[in-house]
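The structure file start_1.txt is reproduced below (compact mmCIF, C-alpha atoms).
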```
# COMPACT_ATOMS: atom_id res chain seq x y z
CA MET Q 1 100.05 -98.98 -144.55
CA PRO Q 2 100.19 -97.60 -141.02
CA THR Q 3 97.16 -95.99 -139.43
CA VAL Q 4 97.73 -92.68 -137.68
CA SER Q 5 95.42 -91.29 -134.99
CA MET Q 6 95.47 -87.83 -133.47
CA THR Q 7 93.15 -85.14 -132.20
CA VAL Q 8 92.62 -82.43 -134.81
CA ASN Q 9 90.77 -79.28 -133.82
CA GLY Q 10 89.37 -81.04 -130.77
CA LYS Q 11 88.06 -84.10 -132.64
CA ALA Q 12 89.50 -87.58 -132.98
CA ALA Q 13 90.93 -88.17 -136.45
CA SER Q 14 92.62 -91.18 -137.98
CA GLY Q 15 93.47 -92.62 -141.35
CA GLU Q 16 95.77 -94.90 -143.22
CA VAL Q 17 98.87 -93.18 -144.53
CA GLU Q 18 102.05 -94.13 -146.29
CA ALA Q 19 104.95 -93.83 -143.86
CA ARG Q 20 106.29 -90.89 -145.92
CA THR Q 21 103.06 -88.86 -145.82
CA LEU Q 22 103.64 -85.36 -144.46
CA LEU Q 23 101.28 -83.97 -141.85
CA VAL Q 24 100.25 -81.16 -144.21
CA HIS Q 25 99.10 -83.71 -146.80
CA PHE Q 26 97.26 -85.79 -144.20
CA LEU Q 27 95.39 -82.69 -143.02
CA ARG Q 28 94.53 -81.49 -146.52
CA GLU Q 29 93.96 -84.74 -148.41
CA LYS Q 30 92.67 -87.18 -145.77
CA LEU Q 31 90.82 -84.76 -143.48
CA GLY Q 32 89.80 -82.07 -146.01
CA LEU Q 33 91.28 -79.25 -143.90
CA THR Q 34 92.55 -77.12 -146.75
CA GLY Q 35 93.21 -73.96 -144.73
CA THR Q 36 96.72 -75.24 -144.10
CA HIS Q 37 98.54 -74.39 -147.32
CA VAL Q 38 101.43 -76.01 -149.16
CA GLY Q 39 103.61 -73.22 -150.41
CA CYS Q 40 107.17 -74.33 -150.96
CA ASP Q 41 107.63 -77.95 -149.80
CA THR Q 42 110.98 -76.88 -148.32
CA SER Q 43 109.92 -75.35 -144.96
CA GLN Q 44 110.85 -71.85 -146.14
CA CYS Q 45 107.50 -70.08 -146.46
CA GLY Q 46 105.49 -70.93 -143.31
CA ALA Q 47 102.16 -71.28 -145.14
CA CYS Q 48 101.75 -74.73 -143.58
CA VAL Q 49 102.13 -73.76 -139.89
CA VAL Q 50 99.84 -75.59 -137.48
CA HIS Q 51 100.04 -76.13 -133.73
CA VAL Q 52 101.12 -79.59 -132.59
CA ASP Q 53 100.75 -80.10 -128.87
CA GLY Q 54 100.66 -76.32 -128.48
CA LYS Q 55 103.78 -75.53 -130.52
CA SER Q 56 103.98 -73.93 -133.95
CA VAL Q 57 105.22 -76.49 -136.44
CA LYS Q 58 105.72 -76.28 -140.17
CA SER Q 59 103.57 -79.26 -141.11
CA CYS Q 60 105.59 -79.85 -144.29
CA THR Q 61 108.51 -80.90 -142.06
CA LEU Q 62 106.65 -83.44 -139.96
CA LEU Q 63 105.52 -86.88 -141.03
CA ALA Q 64 101.92 -87.68 -140.18
CA VAL Q 65 103.08 -90.74 -138.23
CA GLN Q 66 105.23 -88.45 -136.06
CA ALA Q 67 102.02 -86.73 -134.95
CA GLN Q 68 100.57 -90.00 -133.67
CA GLY Q 69 98.58 -89.21 -130.52
CA ALA Q 70 99.22 -85.47 -130.79
CA LYS Q 71 96.76 -82.60 -130.45
CA VAL Q 72 96.83 -80.66 -133.71
CA THR Q 73 95.18 -77.29 -134.25
CA THR Q 74 94.77 -75.87 -137.75
CA ILE Q 75 93.49 -72.47 -138.81
CA GLU Q 76 90.00 -74.03 -139.05
CA GLY Q 77 90.15 -74.94 -135.35
CA LEU Q 78 91.50 -71.64 -134.05
CA ALA Q 79 88.15 -69.86 -133.85
CA ASN Q 80 85.50 -70.95 -131.40
CA GLY Q 81 82.36 -69.67 -133.07
CA ASP Q 82 83.54 -66.08 -133.59
CA LEU Q 83 86.88 -65.24 -135.13
CA HIS Q 84 89.87 -65.65 -132.85
CA PRO Q 85 91.28 -62.22 -131.85
CA MET Q 86 94.27 -62.80 -134.13
CA GLN Q 87 92.04 -63.58 -137.11
CA ALA Q 88 89.85 -60.56 -136.39
CA ALA Q 89 92.89 -58.29 -136.09
CA PHE Q 90 94.25 -59.49 -139.45
CA ARG Q 91 90.88 -58.70 -141.04
CA GLU Q 92 90.47 -55.31 -139.35
CA ASN Q 93 94.04 -54.16 -140.03
CA HIS Q 94 94.28 -55.43 -143.60
CA GLY Q 95 97.01 -57.89 -142.63
CA LEU Q 96 96.36 -59.91 -145.74
CA GLN Q 97 96.01 -59.39 -149.45
CA CYS Q 98 95.90 -62.58 -151.48
CA GLY Q 99 95.48 -64.62 -148.27
CA PHE Q 100 97.78 -67.49 -149.19
CA CYS Q 101 100.22 -66.93 -146.30
CA THR Q 102 97.52 -65.85 -143.85
CA PRO Q 103 96.71 -69.19 -142.16
CA GLY Q 104 100.35 -69.90 -141.35
CA MET Q 105 101.00 -66.29 -140.41
CA VAL Q 106 98.00 -66.24 -138.04
CA MET Q 107 99.01 -69.53 -136.41
CA SER Q 108 102.59 -68.36 -135.89
CA ALA Q 109 101.50 -64.93 -134.63
CA ARG Q 110 98.98 -66.48 -132.25
CA GLN Q 111 101.70 -68.51 -130.54
CA LEU Q 112 104.09 -65.56 -130.53
CA ILE Q 113 101.63 -63.28 -128.74
CA ALA Q 114 100.38 -65.97 -126.38
CA ARG Q 115 103.96 -66.39 -125.21
CA TYR Q 116 105.25 -62.81 -125.61
CA PRO Q 117 102.34 -60.34 -125.50
CA ASP Q 118 104.53 -57.22 -125.35
CA ALA Q 119 106.65 -57.96 -128.42
CA THR Q 120 107.81 -54.81 -130.20
CA PRO Q 121 107.28 -54.33 -133.95
CA HIS Q 122 110.93 -55.25 -134.51
CA GLU Q 123 110.55 -58.42 -132.44
CA ILE Q 124 107.34 -59.37 -134.24
CA ARG Q 125 109.06 -59.01 -137.60
CA HIS Q 126 111.99 -61.07 -136.36
CA GLN Q 127 109.79 -63.84 -134.95
CA LEU Q 128 107.74 -64.04 -138.15
CA GLU Q 129 110.80 -64.34 -140.42
CA GLY Q 130 109.88 -67.99 -141.00
CA ASN Q 131 106.66 -66.87 -142.67
CA ILE Q 132 106.89 -65.30 -146.10
CA CYS Q 133 104.30 -62.86 -147.45
CA ARG Q 134 104.82 -61.71 -151.00
CA CYS Q 135 102.01 -59.12 -151.01
CA THR Q 136 101.79 -56.92 -147.93
CA GLY Q 137 105.28 -55.75 -147.05
CA TYR Q 138 104.51 -56.84 -143.45
CA HIS Q 139 103.51 -53.39 -142.15
CA ASN Q 140 99.83 -54.30 -141.72
CA ILE Q 141 100.70 -57.78 -140.48
CA VAL Q 142 102.74 -56.25 -137.66
CA LYS Q 143 99.87 -53.82 -136.91
CA ALA Q 144 97.46 -56.77 -136.82
CA VAL Q 145 99.65 -58.75 -134.43
CA GLN Q 146 100.02 -55.74 -132.12
CA ARG Q 147 96.25 -55.16 -132.19
CA ALA Q 148 95.51 -58.80 -131.42
CA ALA Q 149 97.97 -58.69 -128.52
CA GLU Q 150 96.13 -55.69 -127.10
CA ASP Q 151 92.74 -57.32 -127.64
CA MET Q 152 93.89 -60.53 -126.01
CA ARG Q 153 95.30 -58.59 -123.03
CA THR Q 154 92.19 -56.54 -122.43
CA GLY Q 155 89.63 -59.13 -123.43
CA ALA Q 156 88.04 -56.67 -125.87
CA ALA Q 157 87.88 -59.36 -128.52
CA ASN Q 158 86.33 -62.77 -127.93
CA ALA Q 159 85.10 -61.99 -124.39
CA GLY Q 160 85.26 -64.94 -122.09
CA SER Q 161 88.13 -66.55 -123.97
CA SER Q 162 90.95 -68.14 -122.05
CA GLU Q 163 93.20 -66.10 -124.34
CA ARG Q 164 92.32 -62.92 -122.44
CA ALA Q 165 94.80 -63.51 -119.67
CA VAL Q 166 98.13 -63.27 -121.40
CA PRO Q 167 101.32 -63.77 -119.36
CA LYS Q 168 103.96 -61.12 -118.92
CA ARG Q 169 106.86 -61.08 -121.28
CA GLY Q 170 109.91 -63.30 -120.96
CA PRO Q 171 112.98 -63.45 -123.20
CA LEU Q 172 112.18 -64.08 -126.84
CA PRO Q 173 113.59 -67.24 -128.40
CA THR Q 174 115.34 -66.98 -131.74
CA ASP Q 175 112.68 -69.05 -133.53
CA LEU Q 176 109.18 -70.04 -132.45
CA HIS Q 177 108.87 -72.74 -135.11
CA GLN Q 178 109.58 -75.82 -133.05
CA HIS Q 179 110.08 -79.18 -134.70
CA ARG Q 180 108.53 -82.08 -132.82
CA HIS Q 181 111.02 -84.56 -134.23
CA ASN Q 182 114.10 -82.75 -132.92
CA GLY Q 183 113.01 -82.90 -129.31
CA SER Q 184 112.55 -79.18 -128.74
```
As a first step, turn the structure in this file into structure tokens.
Amino acid sequence: MPTVSMTVNGKAASGEVEARTLLVHFLREKLGLTGTHVGCDTSQCGACVVHVDGKSVKSCTLLAVQAQGAKVTTIEGLANGDLHPMQAAFRENHGLQCGFCTPGMVMSARQLIARYPDATPHEIRHQLEGNICRCTGYHNIVKAVQRAAEDMRTGAANAGSSERAVPKRGPLPTDLHQHRHNGS
């Protein structure tokens, strides 16, 4: 069995895996990071979104061996002591109900706002289409994302964070969920 090594949430992590082991299963079963959820096993729901080398990736579409040497951030690694502004905004704006989709939604929204801080509600909904929530109807999720964007711009949440300085808006891509194995 191959051994895979990567940095997960700022710490070195490695383990033996079958070549067919998905990153989501490596994170959950080998590393005990169960915040990343398995929802559909078909890359439709977005519950498994993590950041791989700074890009949102549906971890059910990536083999663990493909993440060899990568820097992976899960929902557990997003906060640095206090809640990340995106997590706090979801809590404060009731952007979750059952919570199953929340980790993937937060990870996707965090990348969206880091790249496009002035996204409109319509654009936020469009960019989060790869994340399914069966409970909220998305209204409060959009409010939470907008609030986090404002907090990250002004530094009102998580003072001293490098997330305070958010770049000005550029053109929005059609899909933020990048796949490491396709070269984008």
What is the distance between atom CA of Thr102 of chain Q and atom CA of Ser43 of chain Q, in Å to one decimal?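 Separating atom CA of Thr102 of chain Q from atom CA of Ser43 of chain Q is a distance of 15.7 Å.
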Could you check how far atom CA of Asp151 of chain Q sits from atom CA of Ile132 of chain Q, in Å to one decimal? 24.6 Å
Return the single residue from Q:Val4, Q:Ala67, Q:Cys101, Q:Leu23 that is closest to Gly130 of chain Q, with distances computed using all atoms listed in the file.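 Using all atoms listed in the file, Gly130 of chain Q sits closest to Q:Cys101.
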Between atom CA of Ala144 of chain Q and atom CA of His25 of chain Q lies a distance of 28.8 Å
For Phe26 of chain Q: contacts at 10 Å, all atoms listed in the file, fewer than 5 positions along chain excluded, given as a PDB file with C-alpha atoms, keeping the file's coordinate frame:
```pdb
ATOM      1  CA  VAL Q   4      97.730 -92.680-137.680  1.00  0.00           C
ATOM      2  CA  SER Q  14      92.620 -91.180-137.980  1.00  0.00           C
ATOM      3  CA  GLY Q  15      93.470 -92.620-141.350  1.00  0.00           C
ATOM      4  CA  GLU Q  16      95.770 -94.900-143.220  1.00  0.00           C
ATOM      5  CA  VAL Q  17      98.870 -93.180-144.530  1.00  0.00           C
ATOM      6  CA  GLU Q  18     102.050 -94.130-146.290  1.00  0.00           C
ATOM      7  CA  THR Q  21     103.060 -88.860-145.820  1.00  0.00           C
ATOM      8  CA  LEU Q  31      90.820 -84.760-143.480  1.00  0.00           C
ATOM      9  CA  GLY Q  32      89.800 -82.070-146.010  1.00  0.00           C
ATOM     10  CA  LEU Q  33      91.280 -79.250-143.900  1.00  0.00           C
ATOM     11  CA  SER Q  59     103.570 -79.260-141.110  1.00  0.00           C
ATOM     12  CA  LEU Q  63     105.520 -86.880-141.030  1.00  0.00           C
ATOM     13  CA  ALA Q  64     101.920 -87.680-140.180  1.00  0.00           C
ATOM     14  CA  VAL Q  65     103.080 -90.740-138.230  1.00  0.00           C
TER      15      VAL Q  65
END
```
Name the residues in contact with Leu128 of chain Q at a cut-off of 12 Å, using all atoms listed in the file, excluding same-chain residues fewer than 5 positions from it; report them as a PyMOL selection string. chain Q and resi 44-47+49+56+101-102+104-113+119+121-123+133+138+141-142+145+173-177
What lies within 12 Å of Val72 of chain Q using only C-alpha atoms, ignoring chain neighbours under 5 positions off, as a ChimeraX atom specification? /Q:5-13,23-24,26-27,33,36,49-59,62,64,66-67,77-78,107,180
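The list of residues with at least one atom within 8 Å of Cys135 of chain Q, based on only C-alpha atoms and without residues fewer than 3 positions apart in the same chain, reads Leu96, Gln97 and Cys98 of chain Q.
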May I have the selected residues written with C-alpha atoms, as a short mmCIF file (atom, residue, chain, number, x, y, z; two decimals), keeping the file's coordinate frame?
```
data_model
loop_
_atom_site.label_atom_id
_atom_site.label_comp_id
_atom_site.auth_asym_id
_atom_site.auth_seq_id
_atom_site.Cartn_x
_atom_site.Cartn_y
_atom_site.Cartn_z
CA LEU Q 96 96.36 -59.91 -145.74
CA GLN Q 97 96.01 -59.39 -149.45
CA CYS Q 98 95.90 -62.58 -151.48
#
```
